[in-house]
$ cat protein_6.pdb   # PDB, C-alpha atoms
MODEL        1
ATOM      1  CA  MET A 862    -101.123  91.282-113.895
ATOM      2  CA  LYS A 863     -99.663  90.322-110.544
ATOM      3  CA  SER A 864     -95.890  90.834-110.342
ATOM      4  CA  PHE A 865     -93.597  87.985-109.355
ATOM      5  CA  TYR A 866     -92.972  89.750-106.042
ATOM      6  CA  GLN A 867     -96.697  89.945-105.282
ATOM      7  CA  TYR A 868     -97.063  86.255-106.069
ATOM      8  CA  LEU A 869     -94.051  85.288-103.962
ATOM      9  CA  MET A 870     -95.439  87.188-100.970
ATOM     10  CA  THR A 871     -98.273  84.645-100.768
ATOM     11  CA  TYR A 872     -95.642  82.269 -99.344
ATOM     12  CA  ARG A 873     -94.710  84.565 -96.443
ATOM     13  CA  ASN A 874     -95.655  83.836 -92.852
ATOM     14  CA  ALA A 875     -96.179  80.144 -93.514
ATOM     15  CA  LEU A 876     -96.828  78.035 -90.445
ATOM     16  CA  LYS A 877     -94.406  75.453 -91.769
ATOM     17  CA  LYS A 878     -91.109  76.953 -92.905
ATOM     18  CA  THR A 879     -90.130  75.747 -96.360
ATOM     19  CA  GLU A 880     -87.404  76.819 -98.762
ATOM     20  CA  MET A 881     -90.051  78.816-100.619
ATOM     21  CA  SER A 882     -91.379  80.581 -97.522
ATOM     22  CA  LEU A 883     -87.826  81.460 -96.430
ATOM     23  CA  PHE A 884     -87.075  82.749 -99.934
ATOM     24  CA  ALA A 885     -90.221  84.914 -99.761
ATOM     25  CA  GLU A 886     -89.186  86.290 -96.352
ATOM     26  CA  ASN A 887     -85.731  87.180 -97.647
ATOM     27  CA  VAL A 888     -87.149  88.875-100.743
ATOM     28  CA  PHE A 889     -89.541  90.844 -98.520
ATOM     29  CA  TYR A 890     -86.596  92.297 -96.589
ATOM     30  CA  ASP A 891     -84.555  92.959 -99.758
ATOM     31  CA  HIS A 892     -85.396  96.606-100.449
ATOM     32  CA  GLY A 893     -83.668  96.561-103.836
ATOM     33  CA  PHE A 894     -85.669  93.640-105.233
ATOM     34  CA  PRO A 895     -87.515  94.603-108.467
ATOM     35  CA  LYS A 896     -90.968  94.448-106.885
ATOM     36  CA  ASN A 897     -92.942  95.516-109.959
ATOM     37  CA  SER A 898     -91.215  93.214-112.427
ATOM     38  CA  SER A 899     -92.705  90.252-114.229
ATOM     39  CA  ASP A 900     -89.568  89.747-116.333
ATOM     40  CA  TYR A 901     -87.674  86.493-115.737
ATOM     41  CA  HIS A 902     -84.296  87.831-116.891
ATOM     42  CA  GLU A 903     -84.489  91.035-114.862
ATOM     43  CA  ILE A 904     -85.322  89.148-111.657
ATOM     44  CA  SER A 905     -82.863  86.323-112.335
ATOM     45  CA  ASP A 906     -80.020  88.768-113.036
ATOM     46  CA  TYR A 907     -80.884  90.728-109.904
ATOM     47  CA  LEU A 908     -80.810  87.604-107.731
ATOM     48  CA  GLU A 909     -77.534  86.404-109.238
ATOM     49  CA  MET A 910     -75.904  89.762-108.478
ATOM     50  CA  ASN A 911     -77.609  90.667-105.182
ATOM     51  CA  GLY A 912     -79.374  87.622-103.751
ATOM     52  CA  GLU A 913     -76.854  86.361-101.191
ATOM     53  CA  TYR A 914     -79.810  84.742 -99.465
ATOM     54  CA  ILE A 915     -80.608  82.386-102.351
ATOM     55  CA  LEU A 916     -78.058  79.609-102.401
ATOM     56  CA  ASP A 917     -79.535  77.618-105.269
ATOM     57  CA  MET A 918     -81.068  79.381-108.278
ATOM     58  CA  SER A 919     -83.158  76.277-108.991
ATOM     59  CA  LEU A 920     -85.375  77.517-106.132
ATOM     60  CA  PHE A 921     -86.033  80.686-108.139
ATOM     61  CA  ASP A 922     -86.775  78.595-111.235
ATOM     62  CA  GLU A 923     -89.245  76.514-109.241
ATOM     63  CA  ALA A 924     -90.909  79.674-107.912
ATOM     64  CA  TRP A 925     -90.983  81.187-111.411
ATOM     65  CA  ASN A 926     -92.654  78.105-112.919
ATOM     66  CA  SER A 927     -95.241  78.160-110.146
ATOM     67  CA  TYR A 928     -95.799  81.878-110.816
ATOM     68  CA  LEU A 929     -96.374  81.217-114.532
ATOM     69  CA  GLN A 930     -98.941  78.545-113.703
ATOM     70  CA  HIS A 931    -100.626  80.935-111.283
ATOM     71  CA  ILE A 932    -100.980  83.708-113.865
ATOM     72  CA  GLY A 933    -102.046  81.229-116.515
ATOM     73  CA  GLU A 934     -99.121  81.242-118.938
TER
ENDMDL
END
$ encode --input "protein_6.pdb" --output "structure tokens"
Amino acid sequence: MKSFYQYLMTYRNALKKTEMSLFAENVFYDHGFPKNSSDYHEISDYLEMNGEYILDMSLFDEAWNSYLQHIGE
């Protein structure tokens, strides 16, 4: 199964910068991000403690819901 990080990286290098593409860029440069995780709580807790670059956690929730649709859950 594709991790959340792997899914989010599909938004990188977008021609049109969106909140999601900027979030993906920031996660890419965050070396502590749990790259192999597919656990909502682990990633959410990490972002709340370390994700200075995400100003609104609803963006993460939106990305997570999109991820779940992508992996078919």
$ closest_residue --input "protein_6.pdb" --among "A:Phe894, A:Ser927, A:Gly933, A:Ile915" --to "Glu880 in chain A" --atoms "only C-alpha atoms"
A:Ile915
$ axis_aligned_box --input "protein_6.pdb" --around "range 893-901 of chain A" --padding-each-side "3 Å" --output "lines of an AutoDock Vina configuration file"
center_x = -88.3
center_y = 91.5
center_z = -110.1
size_x = 15.3
size_y = 16.1
size_z = 18.5
$ residues_around --input "protein_6.pdb" --residues "Leu929 in chain A" --least-positions-apart "4" --cutoff "10 Å" --atoms "all atoms listed in the file" --output "list in words"
Phe865, Tyr868, Ser899, Ala924, Trp925, Gly933 and Glu934 of chain A
$ residues_near_point --input "protein_6.pdb" --point "(-99.6, 86.0, -111.9)" --cutoff "6 Å" --atoms "only C-alpha atoms" --output "number ranges by chain"
A: 862-863, 928, 931-932
$ resolve_selection --input "protein_6.pdb" --expression "the PyMOL selection byres ((chain A and resi 905) around 12)" --output "PyMOL selection string"
chain A and resi 865+894-895+898-904+906-912+915+917-922+924-925
$ closest_residue --input "protein_6.pdb" --among "A:Glu886, A:Asp891, A:Glu913, A:Glu923" --to "Asn874 in chain A" --atoms "all atoms listed in the file"
A:Glu886
$ atom_distance --input "protein_6.pdb" --atom1 "CA of His892 in chain A" --atom2 "CA of Ala875 in chain A"
20.9 Å
